[in-house]
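Read through the structure below, which is laid out as structure tokens, and then see the notes.
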Amino acid sequence: MKKTQSICPVCLKKISAELTETDGKILIRKECEEHGTFSISHWQSQRIFDLAEKNDFFKYFEDSSRNSDQCPYSCGTCEKHVSSTVIGVIDVTKRCDLKCAVCFSVFSENEVDYEPSKEEIIKILEFLSHRNPKPPAILFSGGEPLLRADIHEIIGVAHKLRFMTVLATNGLRIAKSPDIAARLKKNGLNIVYLQFDGFQDEFYQKIRGKKLLADKLKTIKICRKNDLEIILVTTLIRGLNDKEIGQLIRFAAQNSDVIRGLIFQPIAFTGRASGNPMNGEWVDGRFAEEVETQTQGEISATDLFPLPVMIPPIKIMSQFMNKPWPIFSCSPQCGIVNWVFVSKNSQIIPINHFINFDKFFKNLLRTAKNVEKKGRLTILLSLFLASILALNWPKVGKEIGILTLMKTILRMHISPSYKSIGNLRRRIFLLGCMAFMDQYNFDLDRVKRCVIHYATPDLKIIPFCAYNNVHRIQTEKEYALKHIAK
């Protein structure tokens, strides 16, 4: 189906690889001269793979000529990297109050102290704030960031630098000390990125080491009280919690006043999960089909679109902004997403059901192409006409209101921000599946298009999957040695 390059999961040497289809699954196959042949699930089913590949979501803007013989070993992001940073990730500590079997950031052979000082983190934030284009969002990660007594101060600095601030947490400290949520809100935290794997304490006991469901639900309640919005993030493991996909979607819909998103992350075999012999059996490439089955068809498999679907609207939005936004020019195989609207009778409706999506998107593509040469009035007229011609008027009128939707579409393009969605944001949530890579399914074509980047104390910017599979151990060891020497 496709040739690419990967790495050997044993020695990390760069080797040739190819994508193949077997019984409806997309596999990546590769052979290392020293360590043999490897074959593992790569992504979604062939149906979804073909949908992503054939669409023009990013082809107008793709630069496929860039290549580097040093990739993925020479990171930070080099001049050959295709995409700018959309989300900057900063690990603020290695400390954690759990010892999860699936943690991708802790390697058993790399037990080091890694906790950048507040001053070092501020230096990273200032560095990122001067990037062109500036990343719109910062994700504070770890370890458990809330183990830092100064994390609210760090978030406050990021807020003052006008980043959207996101905190990845297991939520336990919020559940035990609700005043933490109030302090985070006061200092400008926008999103709690809450680890939430389902509704079975048996799963939490097996994978996280403790029964955690009560604490997770309490954390959501506390965040609602403090108007802290949440994205739930679910580590998805076949045979353990994959049959809860539909229940999790319903839960997000029932709590859409506070839950802004639900992101599934199929298990990546890196960190503590490296070398897991269950690799091939624990990863299922049929997430989109499971969504369709478990929502009884309210959301179909083809309602989930590859992430580069965001490129045309962002290209258009950039013409109304003082500073450009980075483009979501990641590989279409990095993830699939859609916004889901919750109706007054709790029905879940993908937003493309409100519009003739193909017609609307073709108009967006035409408007986005060479958009720099078009005046703002021309762009606005194109958007208005595209909406008029493509909207499902009866459904829009019944569920949203025609005037409300038209105003929202214009606001999102003229003054793009989280707030531009207005009150509708309390009735919609983002549903997605992010396919982070491990050393088995590593694909260099995806790495060079990555838009989620770690920023390190030595001011390197490293693509997410390259960092966790190639650079993390060395980066943390070097940092620890420097601080021991001091």
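How things are named: the first chain in the structure tokens is A, the next is B, and so on; residues count from 1 in each chain; ligands count from 1 in the order shown.
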
>> Can you tell me, as a count of residues only, which residues in range 437-472 of chain A count as strand (DSSP E) by DSSP?
In response: 7

>> Would you pick out the contacts of Leu248 in chain A at 9 Å or less, using only C-alpha atoms, so that residues sharing its chain but fewer than 4 positions from it are not included, and give the list as JSON, numbers by chain?
In response: {"A": [197, 198, 199, 244, 252, 253, 262]}

> So which residues touch Leu125 in chain A within 8 Å, counting only C-alpha atoms, skipping near sequence neighbours fewer than 3 positions away, as a list in words?
Replying inline: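 In the requested format, the answer is Ile121, Ile122, Leu128, Ser129, Ala158 and Leu161 of chain A.
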
Residues as selected, N, CA and C atoms, written as an mmCIF file, in the first residue's frame, can you do that?
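Listing of result.cif after writing:
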```
data_model
loop_
_atom_site.group_PDB
_atom_site.id
_atom_site.type_symbol
_atom_site.label_atom_id
_atom_site.label_comp_id
_atom_site.auth_asym_id
_atom_site.auth_seq_id
_atom_site.Cartn_x
_atom_site.Cartn_y
_atom_site.Cartn_z
ATOM 1 N N ILE A 121 11.344 26.450 33.444
ATOM 2 C CA ILE A 121 10.072 26.313 32.713
ATOM 3 C C ILE A 121 9.621 27.662 32.161
ATOM 4 N N ILE A 122 9.796 28.711 32.929
ATOM 5 C CA ILE A 122 9.458 30.051 32.424
ATOM 6 C C ILE A 122 10.299 30.378 31.192
ATOM 7 N N LEU A 128 8.919 29.629 23.643
ATOM 8 C CA LEU A 128 7.799 29.236 22.789
ATOM 9 C C LEU A 128 6.947 30.436 22.386
ATOM 10 N N SER A 129 6.818 31.405 23.279
ATOM 11 C CA SER A 129 5.984 32.567 22.980
ATOM 12 C C SER A 129 6.577 33.420 21.868
ATOM 13 N N ALA A 158 2.152 31.110 31.995
ATOM 14 C CA ALA A 158 1.697 30.727 30.652
ATOM 15 C C ALA A 158 0.447 31.499 30.259
ATOM 16 N N LEU A 161 1.264 34.918 29.180
ATOM 17 C CA LEU A 161 1.874 34.902 27.849
ATOM 18 C C LEU A 161 0.856 34.554 26.766
#
```

>> Taking only C-alpha atoms into account, name the residue in A:Phe269, A:Tyr454, A:Lys176, A:Arg131 that is nearest to His471 in chain A.
In response: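 Smallest distance to His471 in chain A is found for A:Tyr454.
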
>> Taking 6 positions as the minimum chain separation for residues in the same chain, which residues sit within 10 Å of Ala214 in chain A when counting only C-alpha atoms? Answer as a ChimeraX atom specification.
In response: /A:172,175,199,201

>> If we count only C-alpha atoms and set the cut-off at 10 Å, which residues sit around Asn110 in chain A, ignoring sequence neighbours fewer than 6 positions away in its own chain? Please answer as an MDAnalysis selection string.
In response: chainID A and resid 271 472:474 476:477

How close does each residue of range 213-325 of chain A get to range 68-85 of chain A, giving the shortest atom pair and distance in Å to one decimal for every residue with an atom at most 12 Å away, counting only C-alpha atoms, sorted by chain and residue number, as JSON lines?
```
{"residue": "A:Pro308", "atom": "CA", "partner": "A:Ser83", "partner_atom": "CA", "distance": 11.4}
{"residue": "A:Ile311", "atom": "CA", "partner": "A:Ser83", "partner_atom": "CA", "distance": 11.6}
{"residue": "A:Pro324", "atom": "CA", "partner": "A:Ser84", "partner_atom": "CA", "distance": 11.0}
{"residue": "A:Trp325", "atom": "CA", "partner": "A:Ser84", "partner_atom": "CA", "distance": 9.1}
```
